[in-house]
$ cat input.pdb   # PDB, C-alpha atoms
ATOM      1  CA  MET A 267    -129.399 -19.349 -17.571
ATOM      2  CA  SER A 268    -126.148 -19.831 -19.508
ATOM      3  CA  GLU A 269    -124.150 -23.038 -19.425
ATOM      4  CA  SER A 270    -121.250 -21.271 -17.685
ATOM      5  CA  ALA A 271    -123.584 -20.064 -14.947
ATOM      6  CA  ASN A 272    -124.436 -23.696 -14.150
ATOM      7  CA  LYS A 273    -120.797 -24.720 -13.718
ATOM      8  CA  SER A 274    -119.241 -24.944 -10.291
ATOM      9  CA  PRO A 275    -116.181 -22.727  -9.826
ATOM     10  CA  ALA A 276    -112.774 -24.086 -10.737
ATOM     11  CA  ILE A 277    -111.302 -22.610  -7.547
ATOM     12  CA  SER A 278    -113.137 -21.962  -4.305
ATOM     13  CA  THR A 279    -111.889 -20.866  -0.881
ATOM     14  CA  ARG A 280    -113.705 -20.072   2.355
ATOM     15  CA  HIS A 281    -112.117 -18.302   5.343
ATOM     16  CA  LEU A 282    -108.702 -19.446   4.137
ATOM     17  CA  ARG A 283    -105.841 -18.483   6.456
ATOM     18  CA  LYS A 284    -102.103 -19.138   6.475
ATOM     19  CA  GLU A 285     -99.412 -17.761   8.771
ATOM     20  CA  TYR A 286     -95.630 -18.026   8.735
ATOM     21  CA  ASP A 287     -94.087 -17.368  12.157
ATOM     22  CA  LYS A 288     -97.057 -15.177  13.108
ATOM     23  CA  VAL A 289     -96.864 -13.259   9.830
ATOM     24  CA  VAL A 290    -100.258 -13.532   8.129
ATOM     25  CA  ALA A 291     -99.889 -14.534   4.472
ATOM     26  CA  LEU A 292    -103.594 -15.101   3.830
ATOM     27  CA  SER A 293    -106.392 -13.760   5.999
ATOM     28  CA  ALA A 294    -109.957 -15.134   5.839
ATOM     29  CA  LEU A 295    -109.805 -15.427   2.052
ATOM     30  CA  ASP A 296    -113.176 -16.031   0.373
ATOM     31  CA  LEU A 297    -112.689 -16.470  -3.352
ATOM     32  CA  GLU A 298    -114.258 -18.102  -6.388
ATOM     33  CA  ILE A 299    -112.682 -18.307  -9.843
ATOM     34  CA  PRO A 300    -114.938 -19.554 -12.665
ATOM     35  CA  GLN A 301    -113.933 -22.351 -14.989
ATOM     36  CA  GLY A 302    -112.331 -21.597 -18.320
ATOM     37  CA  GLN A 303    -110.746 -18.255 -17.404
ATOM     38  CA  ILE A 304    -107.199 -16.996 -17.709
ATOM     39  CA  CYS A 305    -106.968 -15.283 -14.341
ATOM     40  CA  GLY A 306    -104.297 -12.743 -13.482
ATOM     41  CA  LEU A 307    -103.310 -13.096  -9.820
ATOM     42  CA  ILE A 308    -101.684  -9.803  -8.898
ATOM     43  CA  GLY A 309    -100.444  -7.904  -5.894
ATOM     44  CA  PRO A 310     -97.205  -6.619  -4.368
ATOM     45  CA  ASN A 311     -94.532  -8.864  -2.879
ATOM     46  CA  GLY A 312     -95.882 -10.480   0.266
ATOM     47  CA  ALA A 313     -99.495 -10.245  -0.902
ATOM     48  CA  GLY A 314    -100.041 -14.009  -0.549
ATOM     49  CA  LYS A 315    -100.053 -14.986  -4.238
ATOM     50  CA  SER A 316     -97.499 -17.799  -4.025
ATOM     51  CA  THR A 317     -98.990 -19.015  -0.744
ATOM     52  CA  LEU A 318    -102.414 -19.335  -2.370
ATOM     53  CA  MET A 319    -100.964 -21.291  -5.291
ATOM     54  CA  LYS A 320     -99.074 -23.631  -2.956
ATOM     55  CA  ILE A 321    -102.246 -24.335  -0.973
ATOM     56  CA  LEU A 322    -104.280 -24.980  -4.121
ATOM     57  CA  SER A 323    -101.595 -27.365  -5.411
ATOM     58  CA  THR A 324    -101.403 -29.162  -1.998
ATOM     59  CA  VAL A 325     -97.731 -28.221  -1.523
ATOM     60  CA  ILE A 326     -98.621 -26.670   1.850
ATOM     61  CA  SER A 327    -101.710 -26.843   4.057
ATOM     62  CA  PRO A 328    -103.767 -23.900   5.295
ATOM     63  CA  ASP A 329    -103.932 -23.171   9.010
ATOM     64  CA  PHE A 330    -107.663 -22.646   8.820
ATOM     65  CA  GLY A 331    -110.483 -22.652   6.287
ATOM     66  CA  TYR A 332    -111.376 -24.545   3.148
ATOM     67  CA  ALA A 333    -110.096 -24.641  -0.412
ATOM     68  CA  SER A 334    -111.132 -26.754  -3.364
ATOM     69  CA  VAL A 335    -110.095 -27.342  -6.968
ATOM     70  CA  GLU A 336    -112.900 -28.446  -9.287
ATOM     71  CA  GLY A 337    -114.881 -29.410  -6.202
ATOM     72  CA  PHE A 338    -112.132 -31.504  -4.566
ATOM     73  CA  ASP A 339    -110.958 -30.541  -1.078
ATOM     74  CA  VAL A 340    -107.231 -29.724  -1.028
ATOM     75  CA  HIS A 341    -106.941 -31.187   2.485
ATOM     76  CA  ALA A 342    -109.154 -34.274   2.336
ATOM     77  CA  GLN A 343    -108.767 -35.225  -1.357
ATOM     78  CA  VAL A 344    -105.117 -34.520  -2.053
ATOM     79  CA  LEU A 345    -104.572 -37.079  -4.834
ATOM     80  CA  ASP A 346    -107.741 -36.021  -6.643
ATOM     81  CA  VAL A 347    -106.561 -32.400  -6.554
ATOM     82  CA  ARG A 348    -103.055 -33.282  -7.788
ATOM     83  CA  ARG A 349    -104.519 -35.110 -10.782
ATOM     84  CA  ARG A 350    -106.383 -31.956 -11.740
ATOM     85  CA  VAL A 351    -103.692 -29.347 -11.115
ATOM     86  CA  GLY A 352    -100.508 -28.438 -12.915
ATOM     87  CA  PHE A 353     -98.323 -26.221 -10.714
ATOM     88  CA  MET A 354     -95.360 -24.222 -11.993
ATOM     89  CA  PRO A 355     -93.571 -22.522  -9.079
ATOM     90  CA  ASP A 356     -91.604 -19.317  -9.385
ATOM     91  CA  PHE A 357     -88.435 -21.025  -8.143
ATOM     92  CA  PHE A 358     -87.839 -24.584  -9.224
ATOM     93  CA  ALA A 359     -85.137 -27.239  -8.963
ATOM     94  CA  LEU A 360     -84.345 -29.495 -11.896
ATOM     95  CA  TYR A 361     -82.519 -32.785 -12.303
ATOM     96  CA  GLU A 362     -79.383 -31.512 -14.009
ATOM     97  CA  ASN A 363     -77.973 -34.779 -15.354
ATOM     98  CA  ILE A 364     -80.898 -36.139 -17.345
ATOM     99  CA  THR A 365     -82.131 -35.152 -20.782
ATOM    100  CA  CYS A 366     -85.207 -33.059 -21.499
ATOM    101  CA  GLU A 367     -86.903 -36.111 -22.965
ATOM    102  CA  ASP A 368     -86.176 -38.264 -19.901
ATOM    103  CA  PHE A 369     -87.286 -35.464 -17.573
ATOM    104  CA  LEU A 370     -90.747 -35.317 -19.138
ATOM    105  CA  THR A 371     -90.956 -39.108 -19.393
ATOM    106  CA  TYR A 372     -90.147 -39.459 -15.687
ATOM    107  CA  PHE A 373     -92.971 -37.131 -14.667
ATOM    108  CA  GLY A 374     -95.353 -38.696 -17.153
ATOM    109  CA  LEU A 375     -94.785 -42.106 -15.588
ATOM    110  CA  ALA A 376     -95.102 -40.604 -12.100
ATOM    111  CA  TYR A 377     -98.561 -39.330 -13.066
ATOM    112  CA  GLY A 378     -99.519 -42.767 -14.342
ATOM    113  CA  LEU A 379     -99.561 -42.069 -18.070
ATOM    114  CA  ASP A 380     -99.598 -45.050 -20.422
ATOM    115  CA  PRO A 381     -95.970 -45.903 -21.371
ATOM    116  CA  ALA A 382     -97.162 -46.787 -24.891
ATOM    117  CA  THR A 383     -98.546 -43.310 -25.603
ATOM    118  CA  LEU A 384     -96.171 -41.284 -23.428
ATOM    119  CA  PRO A 385     -93.485 -40.763 -26.151
ATOM    120  CA  LYS A 386     -96.082 -39.077 -28.367
ATOM    121  CA  ARG A 387     -97.120 -36.828 -25.483
ATOM    122  CA  VAL A 388     -93.492 -35.871 -24.828
ATOM    123  CA  ASP A 389     -93.042 -35.046 -28.536
ATOM    124  CA  GLU A 390     -96.130 -32.800 -28.500
ATOM    125  CA  LEU A 391     -94.951 -30.868 -25.468
ATOM    126  CA  LEU A 392     -91.378 -30.376 -26.674
ATOM    127  CA  THR A 393     -92.789 -29.090 -29.969
ATOM    128  CA  LEU A 394     -95.141 -26.710 -28.125
ATOM    129  CA  VAL A 395     -92.200 -24.828 -26.574
ATOM    130  CA  ASN A 396     -89.690 -25.247 -29.419
ATOM    131  CA  LEU A 397     -87.400 -27.631 -27.533
ATOM    132  CA  THR A 398     -87.515 -30.549 -29.971
ATOM    133  CA  GLU A 399     -83.883 -30.054 -30.956
ATOM    134  CA  LYS A 400     -82.892 -30.125 -27.267
ATOM    135  CA  ARG A 401     -84.662 -33.381 -26.447
ATOM    136  CA  LYS A 402     -81.405 -35.364 -26.013
ATOM    137  CA  GLU A 403     -79.513 -32.529 -24.303
ATOM    138  CA  LEU A 404     -78.818 -32.579 -20.572
ATOM    139  CA  ILE A 405     -80.777 -30.062 -18.551
ATOM    140  CA  SER A 406     -77.492 -28.718 -17.202
ATOM    141  CA  GLY A 407     -76.783 -27.313 -20.673
ATOM    142  CA  LEU A 408     -80.041 -25.360 -21.007
ATOM    143  CA  SER A 409     -80.390 -21.601 -20.675
ATOM    144  CA  ARG A 410     -82.728 -20.141 -18.028
ATOM    145  CA  GLY A 411     -85.396 -19.478 -20.627
ATOM    146  CA  MET A 412     -85.213 -23.044 -21.925
ATOM    147  CA  ARG A 413     -85.473 -24.393 -18.375
ATOM    148  CA  GLN A 414     -88.502 -22.196 -17.832
ATOM    149  CA  ARG A 415     -90.193 -23.615 -20.927
ATOM    150  CA  LEU A 416     -89.322 -27.176 -19.918
ATOM    151  CA  VAL A 417     -90.880 -26.726 -16.475
ATOM    152  CA  PHE A 418     -93.947 -25.228 -18.121
ATOM    153  CA  VAL A 419     -94.591 -28.296 -20.275
ATOM    154  CA  LYS A 420     -93.820 -30.606 -17.337
ATOM    155  CA  THR A 421     -96.789 -28.832 -15.733
ATOM    156  CA  LEU A 422     -98.912 -29.964 -18.707
ATOM    157  CA  ILE A 423     -97.713 -33.561 -18.916
ATOM    158  CA  HIS A 424    -100.838 -35.110 -17.324
ATOM    159  CA  ASP A 425    -103.217 -32.731 -19.154
ATOM    160  CA  PRO A 426    -104.683 -31.118 -16.011
ATOM    161  CA  PRO A 427    -107.801 -28.920 -16.280
ATOM    162  CA  VAL A 428    -106.367 -26.292 -13.883
ATOM    163  CA  LEU A 429    -102.950 -24.625 -14.278
ATOM    164  CA  LEU A 430    -101.283 -22.611 -11.514
ATOM    165  CA  LEU A 431     -98.401 -20.648 -13.017
ATOM    166  CA  ASP A 432     -96.238 -18.512 -10.711
ATOM    167  CA  GLU A 433     -94.293 -15.952 -12.780
ATOM    168  CA  PRO A 434     -94.201 -18.108 -15.952
ATOM    169  CA  LEU A 435     -92.931 -15.252 -18.136
ATOM    170  CA  SER A 436     -89.861 -14.387 -16.084
ATOM    171  CA  GLY A 437     -86.558 -15.240 -17.732
ATOM    172  CA  LEU A 438     -88.032 -15.544 -21.217
ATOM    173  CA  ASP A 439     -86.793 -13.613 -24.225
ATOM    174  CA  PRO A 440     -89.336 -11.532 -26.219
ATOM    175  CA  LYS A 441     -90.012 -14.302 -28.761
ATOM    176  CA  ALA A 442     -90.511 -16.893 -26.011
ATOM    177  CA  ARG A 443     -92.884 -14.524 -24.187
ATOM    178  CA  ILE A 444     -95.023 -14.216 -27.309
ATOM    179  CA  ASP A 445     -95.003 -18.001 -27.756
ATOM    180  CA  MET A 446     -95.984 -18.491 -24.114
ATOM    181  CA  ARG A 447     -98.912 -16.087 -24.415
ATOM    182  CA  GLU A 448    -100.122 -17.891 -27.535
ATOM    183  CA  ALA A 449     -99.803 -21.238 -25.742
ATOM    184  CA  LEU A 450    -101.883 -19.942 -22.832
ATOM    185  CA  ARG A 451    -104.602 -18.705 -25.184
ATOM    186  CA  ALA A 452    -104.652 -22.092 -26.919
ATOM    187  CA  LEU A 453    -104.961 -23.881 -23.582
ATOM    188  CA  LYS A 454    -107.847 -21.612 -22.582
ATOM    189  CA  ASN A 455    -109.581 -22.491 -25.846
ATOM    190  CA  LEU A 456    -109.304 -26.128 -24.781
ATOM    191  CA  GLY A 457    -111.340 -25.265 -21.696
ATOM    192  CA  LYS A 458    -108.563 -25.067 -19.124
ATOM    193  CA  THR A 459    -108.614 -22.694 -16.179
ATOM    194  CA  ILE A 460    -105.298 -20.861 -15.876
ATOM    195  CA  ILE A 461    -104.152 -18.822 -12.873
ATOM    196  CA  VAL A 462    -101.124 -16.669 -13.729
ATOM    197  CA  SER A 463     -99.132 -14.670 -11.214
ATOM    198  CA  SER A 464     -96.918 -11.962 -12.651
ATOM    199  CA  HIS A 465     -95.495  -8.536 -11.889
ATOM    200  CA  ILE A 466     -95.606  -7.628 -15.586
ATOM    201  CA  LEU A 467     -99.115  -6.189 -15.585
ATOM    202  CA  ALA A 468     -99.022  -4.932 -19.171
ATOM    203  CA  GLU A 469     -98.399  -8.480 -20.387
ATOM    204  CA  LEU A 470    -101.179  -9.924 -18.247
ATOM    205  CA  SER A 471    -103.559  -7.433 -19.839
ATOM    206  CA  ASP A 472    -102.761  -8.967 -23.197
ATOM    207  CA  PHE A 473    -104.328 -12.342 -22.405
ATOM    208  CA  CYS A 474    -106.128 -12.343 -19.029
ATOM    209  CA  SER A 475    -109.921 -12.116 -18.922
ATOM    210  CA  TYR A 476    -110.268 -12.315 -15.139
ATOM    211  CA  VAL A 477    -108.339 -10.749 -12.269
ATOM    212  CA  VAL A 478    -107.791 -11.426  -8.570
ATOM    213  CA  ILE A 479    -105.987  -8.766  -6.517
ATOM    214  CA  LEU A 480    -104.447  -9.589  -3.137
ATOM    215  CA  GLU A 481    -102.837  -7.177  -0.723
ATOM    216  CA  LYS A 482    -101.304  -8.290   2.589
ATOM    217  CA  GLY A 483    -103.227 -11.540   2.371
ATOM    218  CA  VAL A 484    -106.586  -9.830   1.884
ATOM    219  CA  LEU A 485    -108.739 -10.019  -1.246
ATOM    220  CA  ARG A 486    -109.127  -6.520  -2.653
ATOM    221  CA  ALA A 487    -111.024  -7.346  -5.860
ATOM    222  CA  ASN A 488    -111.910 -10.176  -8.179
ATOM    223  CA  GLY A 489    -113.994 -10.484 -11.319
ATOM    224  CA  THR A 490    -113.758 -10.066 -15.057
ATOM    225  CA  VAL A 491    -111.526  -7.260 -16.275
ATOM    226  CA  ILE A 492    -114.493  -5.496 -17.912
ATOM    227  CA  ASP A 493    -116.682  -5.698 -14.792
ATOM    228  CA  ILE A 494    -113.994  -4.313 -12.491
ATOM    229  CA  LEU A 495    -113.057  -1.529 -14.882
ATOM    230  CA  THR A 496    -116.702  -0.501 -15.101
ATOM    231  CA  ARG A 497    -116.908  -0.503 -11.314
ATOM    232  CA  ILE A 498    -113.824   1.583 -10.705
ATOM    233  CA  LYS A 499    -114.196   3.993 -13.576
ATOM    234  CA  GLY A 500    -117.956   4.429 -13.590
ATOM    235  CA  GLU A 501    -117.946   5.698 -17.172
ATOM    236  CA  LEU A 502    -116.755   4.763 -20.621
ATOM    237  CA  GLN A 503    -113.942   6.663 -22.307
ATOM    238  CA  VAL A 504    -114.848   7.029 -25.994
ATOM    239  CA  SER A 505    -113.080   8.373 -29.072
ATOM    240  CA  VAL A 506    -114.903   9.234 -32.307
ATOM    241  CA  GLU A 507    -113.260  10.280 -35.576
ATOM    242  CA  ILE A 508    -115.508  12.187 -37.938
ATOM    243  CA  ILE A 509    -115.624  13.787 -41.360
ATOM    244  CA  GLY A 510    -117.396  17.139 -41.202
ATOM    245  CA  PRO A 511    -117.657  20.239 -39.016
ATOM    246  CA  THR A 512    -116.200  19.579 -35.544
ATOM    247  CA  ASP A 513    -118.371  22.264 -33.918
ATOM    248  CA  LYS A 514    -121.513  20.604 -35.234
ATOM    249  CA  ALA A 515    -120.471  17.206 -33.879
ATOM    250  CA  CYS A 516    -119.501  18.612 -30.483
ATOM    251  CA  GLY A 517    -122.772  20.505 -30.222
ATOM    252  CA  LEU A 518    -124.698  17.335 -30.923
ATOM    253  CA  LEU A 519    -122.700  15.359 -28.327
ATOM    254  CA  ARG A 520    -123.239  18.007 -25.653
ATOM    255  CA  ASN A 521    -126.969  17.378 -25.896
ATOM    256  CA  VAL A 522    -126.642  13.627 -25.259
ATOM    257  CA  PRO A 523    -127.470  12.779 -21.607
ATOM    258  CA  GLY A 524    -124.470  11.334 -19.800
ATOM    259  CA  VAL A 525    -121.858  12.665 -22.252
ATOM    260  CA  THR A 526    -118.966  14.792 -20.977
ATOM    261  CA  LEU A 527    -116.698  16.156 -23.679
ATOM    262  CA  LYS A 528    -112.980  15.850 -23.017
ATOM    263  CA  THR A 529    -111.415  17.171 -26.233
ATOM    264  CA  CYS A 530    -113.135  18.746 -29.205
ATOM    265  CA  ASP A 531    -110.266  19.736 -31.495
ATOM    266  CA  GLY A 532    -109.626  18.420 -34.985
ATOM    267  CA  GLN A 533    -111.484  15.459 -36.380
ATOM    268  CA  VAL A 534    -111.062  13.221 -33.317
ATOM    269  CA  ILE A 535    -113.377  13.946 -30.400
ATOM    270  CA  ASN A 536    -112.924  12.323 -26.988
ATOM    271  CA  PHE A 537    -115.713  12.108 -24.455
ATOM    272  CA  ALA A 538    -116.826  10.208 -21.361
ATOM    273  CA  LEU A 539    -120.158   8.408 -21.263
ATOM    274  CA  ALA A 540    -121.897   7.728 -17.959
ATOM    275  CA  GLY A 541    -124.507   5.251 -19.073
ATOM    276  CA  GLU A 542    -125.095   2.023 -20.910
ATOM    277  CA  ARG A 543    -122.892   0.994 -23.836
ATOM    278  CA  ARG A 544    -125.921   0.774 -26.155
ATOM    279  CA  VAL A 545    -126.021   4.596 -26.151
ATOM    280  CA  LEU A 546    -122.925   4.477 -28.379
ATOM    281  CA  ALA A 547    -125.048   3.023 -31.180
ATOM    282  CA  GLU A 548    -127.519   5.873 -30.770
ATOM    283  CA  ILE A 549    -124.691   8.435 -30.850
ATOM    284  CA  ASN A 550    -123.302   6.892 -34.016
ATOM    285  CA  ALA A 551    -126.732   7.031 -35.700
ATOM    286  CA  ALA A 552    -127.279  10.649 -34.595
ATOM    287  CA  LEU A 553    -123.939  11.758 -36.068
ATOM    288  CA  VAL A 554    -124.647  10.034 -39.379
ATOM    289  CA  ASN A 555    -128.199  11.448 -39.547
ATOM    290  CA  ALA A 556    -126.728  14.917 -38.994
ATOM    291  CA  GLY A 557    -124.661  14.482 -42.153
ATOM    292  CA  LEU A 558    -121.383  13.754 -40.385
ATOM    293  CA  GLY A 559    -119.244  10.880 -41.574
ATOM    294  CA  VAL A 560    -118.115   8.557 -38.785
ATOM    295  CA  ILE A 561    -114.744   6.969 -39.560
ATOM    296  CA  SER A 562    -114.494   5.207 -36.202
ATOM    297  CA  LEU A 563    -116.174   5.162 -32.819
ATOM    298  CA  SER A 564    -114.377   3.156 -30.166
ATOM    299  CA  GLU A 565    -114.093   2.681 -26.439
ATOM    300  CA  LYS A 566    -110.786   3.270 -24.762
ATOM    301  CA  ARG A 567    -110.653   0.149 -22.676
ATOM    302  CA  GLY A 568    -108.550   0.168 -19.539
ATOM    303  CA  ASP A 569    -106.335  -2.740 -18.606
ATOM    304  CA  ILE A 570    -105.124  -4.703 -15.605
ATOM    305  CA  GLU A 571    -102.557  -2.035 -14.791
ATOM    306  CA  ASP A 572    -105.385   0.524 -14.559
ATOM    307  CA  ILE A 573    -107.271  -1.797 -12.226
ATOM    308  CA  TYR A 574    -104.279  -2.374  -9.982
ATOM    309  CA  ASN A 575    -103.380   1.312  -9.787
ATOM    310  CA  LYS A 576    -106.947   2.260  -8.894
ATOM    311  CA  ILE A 577    -107.318  -0.453  -6.270
ATOM    312  CA  SER A 578    -103.933   0.133  -4.666
ATOM    313  CA  GLY A 579    -105.092   3.736  -4.312
ATOM    314  CA  ASN A 580    -108.187   2.550  -2.408
ATOM    315  CA  GLU A 581    -110.633   3.699  -5.079
ATOM    316  CA  VAL A 582    -112.749   0.528  -5.156
ATOM    317  CA  GLN A 583    -115.634   0.319  -2.756
TER     318      GLN A 583
END
$ encode --input "input.pdb" --output "structure tokens"
Amino acid sequence: MSESANKSPAISTRHLRKEYDKVVALSALDLEIPQGQICGLIGPNGAGKSTLMKILSTVISPDFGYASVEGFDVHAQVLDVRRRVGFMPDFFALYENITCEDFLTYFGLAYGLDPATLPKRVDELLTLVNLTEKRKELISGLSRGMRQRLVFVKTLIHDPPVLLLDEPLSGLDPKARIDMREALRALKNLGKTIIVSSHILAELSDFCSYVVILEKGVLRANGTVIDILTRIKGELQVSVEIIGPTDKACGLLRNVPGVTLKTCDGQVINFALAGERRVLAEINAALVNAGLGVISLSEKRGDIEDIYNKISGNEVQ
């Protein structure tokens, strides 16, 4: 058994329910998110995404059920959870009349960081989001994108193992979006579990390895992107570029069990494969042995947008 299989989940909920004035935001939610994933939390407005994040960060309490972060109960072990979670809400208020440096220092002290090492931590975080030159500037003078980056690193000040980020890419310019994605990848490499809510599905596909889909407070799907795509598509979409007679290559592919040709024109052939991925190696060898040069053979991977479109169309069983 792998080491990851022995780890308890970073996030766990059982029968979780939350209502607002008789409107159900979450309904009997049973969910586990493994440690060390960048998880895309997606769904339409009103799906329950922000409610789930607020419960996991102990901002609000559930009406019923259980939720834990790294094994700590969000209801019974509030301080333990808060030490392990960094929460960045979609809408946030800032202290306008203090500097960026003082803002981070204030929260560092609130989390109990050592005053002797805190200045170094503040320097690291301001550098991470390219705000070093703004360290002495009042927050009131920052652009929306700069405020967004400042709140992001405030979320990191106490080095929590779990990050809950609600729309962290909104309000950022293209360069800042790229920097944010790189920062999230770096944090994942440090072993952190990151839950990211966003409506920009194409961007989530660029860095998320895991996905949770909510709809009207109900869990529709969760798992790795690859596992869910395999489940909803049922076959691999493959493209092969060859050197040699196209008819010969297509004839060979037609005789491979599980292969359905899609296009057979020119030197690029597209086909679907209903079967195990290892068959691709056998196809590659068969083409080469038949005297055909294989320039490339690649899967056409789907993405999170594909997953969401399929699931919102009720195509997942």
$ resolve_selection --input "input.pdb" --expression "the PyMOL selection byres ((chain A and resi 442-446) around 12)" --output "number ranges by chain"
A: 393-397, 410-416, 418-419, 431, 433-441, 447-453, 462, 466, 469-470, 472-473
$ resolve_selection --input "input.pdb" --expression "the PyMOL selection byres ((chain A and resi 300) around 12)" --output "MDAnalysis selection string"
chainID A and resid 269:278 297:299 301:305 335:337 428 457:461 475:478 488:490
$ write_last_selection --input "input.pdb" --atoms "C-alpha atoms" --output "short mmCIF file (atom, residue, chain, number, x, y, z; two decimals), in the coordinates of the input"
data_model
loop_
_atom_site.label_atom_id
_atom_site.label_comp_id
_atom_site.auth_asym_id
_atom_site.auth_seq_id
_atom_site.Cartn_x
_atom_site.Cartn_y
_atom_site.Cartn_z
CA GLU A 269 -124.15 -23.04 -19.42
CA SER A 270 -121.25 -21.27 -17.68
CA ALA A 271 -123.58 -20.06 -14.95
CA ASN A 272 -124.44 -23.70 -14.15
CA LYS A 273 -120.80 -24.72 -13.72
CA SER A 274 -119.24 -24.94 -10.29
CA PRO A 275 -116.18 -22.73 -9.83
CA ALA A 276 -112.77 -24.09 -10.74
CA ILE A 277 -111.30 -22.61 -7.55
CA SER A 278 -113.14 -21.96 -4.30
CA LEU A 297 -112.69 -16.47 -3.35
CA GLU A 298 -114.26 -18.10 -6.39
CA ILE A 299 -112.68 -18.31 -9.84
CA GLN A 301 -113.93 -22.35 -14.99
CA GLY A 302 -112.33 -21.60 -18.32
CA GLN A 303 -110.75 -18.26 -17.40
CA ILE A 304 -107.20 -17.00 -17.71
CA CYS A 305 -106.97 -15.28 -14.34
CA VAL A 335 -110.10 -27.34 -6.97
CA GLU A 336 -112.90 -28.45 -9.29
CA GLY A 337 -114.88 -29.41 -6.20
CA VAL A 428 -106.37 -26.29 -13.88
CA GLY A 457 -111.34 -25.26 -21.70
CA LYS A 458 -108.56 -25.07 -19.12
CA THR A 459 -108.61 -22.69 -16.18
CA ILE A 460 -105.30 -20.86 -15.88
CA ILE A 461 -104.15 -18.82 -12.87
CA SER A 475 -109.92 -12.12 -18.92
CA TYR A 476 -110.27 -12.32 -15.14
CA VAL A 477 -108.34 -10.75 -12.27
CA VAL A 478 -107.79 -11.43 -8.57
CA ASN A 488 -111.91 -10.18 -8.18
CA GLY A 489 -113.99 -10.48 -11.32
CA THR A 490 -113.76 -10.07 -15.06
#
$ closest_atom_pairs --input "input.pdb" --of "region 473-499 of chain A" --to "region 307-329 of chain A" --cutoff "6 Å" --atoms "all atoms listed in the file" --output "Markdown table"
| residue | atom | partner | partner_atom | distance |
| --- | --- | --- | --- | --- |
| A:Val478 | CA | A:Leu307 | CA | 4.9 |
| A:Ile479 | CA | A:Ile308 | CA | 5.0 |
| A:Leu480 | CA | A:Gly309 | CA | 5.1 |
| A:Glu481 | CA | A:Ala313 | CA | 4.5 |
| A:Lys482 | CA | A:Ala313 | CA | 4.4 |
| A:Gly483 | CA | A:Gly314 | CA | 5.0 |
$ resolve_selection --input "input.pdb" --expression "the PyMOL selection byres ((chain A and resi 352) around 9)" --output "ChimeraX atom specification"
/A:323,348-351,353-354,418,420-431
$ residues_around --input "input.pdb" --residues "region 518-528 of chain A" --least-positions-apart "4" --cutoff "12 Å" --atoms "all atoms listed in the file" --output "ChimeraX atom specification"
/A:500-506,511-514,534-543,545-546,548-558
$ atom_distance --input "input.pdb" --atom1 "CA of Asn575 (chain A)" --atom2 "CA of Val491 (chain A)"
13.5 Å
$ atom_distance --input "input.pdb" --atom1 "CA of Ser471 (chain A)" --atom2 "CA of Asp493 (chain A)"
14.2 Å
$ atom_distance --input "input.pdb" --atom1 "CA of Pro385 (chain A)" --atom2 "CA of Asp356 (chain A)"
27.3 Å
$ closest_residue --input "input.pdb" --among "A:Lys454, A:Lys576, A:Lys566, A:Lys284" --to "Ile494 (chain A)" --atoms "all atoms listed in the file"
A:Lys576
$ closest_residue --input "input.pdb" --among "A:Thr383, A:Ser463, A:Thr365, A:Thr371" --to "Arg401 (chain A)" --atoms "only C-alpha atoms"
A:Thr365
$ closest_residue --input "input.pdb" --among "A:Lys402, A:Glu390, A:Asp346, A:Arg486" --to "Leu295 (chain A)" --atoms "only C-alpha atoms"
A:Arg486
$ axis_aligned_box --input "input.pdb" --around "region 480-489 of chain A" --padding-each-side "5 Å" --output "lines of an AutoDock Vina configuration file"
center_x = -107.6
center_y = -9.0
center_z = -4.4
size_x = 22.7
size_y = 15.0
size_z = 23.9
$ decode --input "input.pdb" --residues "region 416-438 of chain A" --atoms "C-alpha atoms" --output "PDB file, in the first residue's frame"
ATOM      1  CA  LEU A 416      -2.101  40.847   0.102  1.00  0.00           C
ATOM      2  CA  VAL A 417      -5.070  38.879   1.441  1.00  0.00           C
ATOM      3  CA  PHE A 418      -3.651  35.754  -0.166  1.00  0.00           C
ATOM      4  CA  VAL A 419      -0.346  35.999   1.703  1.00  0.00           C
ATOM      5  CA  LYS A 420      -2.161  36.928   4.929  1.00  0.00           C
ATOM      6  CA  THR A 421      -3.772  33.501   4.490  1.00  0.00           C
ATOM      7  CA  LEU A 422      -0.260  31.986   4.496  1.00  0.00           C
ATOM      8  CA  ILE A 423       1.185  33.931   7.421  1.00  0.00           C
ATOM      9  CA  HIS A 424       0.980  31.053   9.946  1.00  0.00           C
ATOM     10  CA  ASP A 425       2.074  28.431   7.378  1.00  0.00           C
ATOM     11  CA  PRO A 426      -1.123  26.338   7.540  1.00  0.00           C
ATOM     12  CA  PRO A 427      -1.210  22.873   5.924  1.00  0.00           C
ATOM     13  CA  VAL A 428      -4.696  23.463   4.438  1.00  0.00           C
ATOM     14  CA  LEU A 429      -5.662  26.475   2.291  1.00  0.00           C
ATOM     15  CA  LEU A 430      -9.266  27.383   1.476  1.00  0.00           C
ATOM     16  CA  LEU A 431      -9.265  29.928  -1.342  1.00  0.00           C
ATOM     17  CA  ASP A 432     -12.603  31.339  -2.537  1.00  0.00           C
ATOM     18  CA  GLU A 433     -12.169  32.907  -5.997  1.00  0.00           C
ATOM     19  CA  PRO A 434      -8.468  33.782  -5.491  1.00  0.00           C
ATOM     20  CA  LEU A 435      -7.930  34.643  -9.166  1.00  0.00           C
ATOM     21  CA  SER A 436     -10.685  37.231  -9.478  1.00  0.00           C
ATOM     22  CA  GLY A 437      -9.474  40.792  -9.923  1.00  0.00           C
ATOM     23  CA  LEU A 438      -5.965  39.788 -10.969  1.00  0.00           C
TER      24      LEU A 438
END
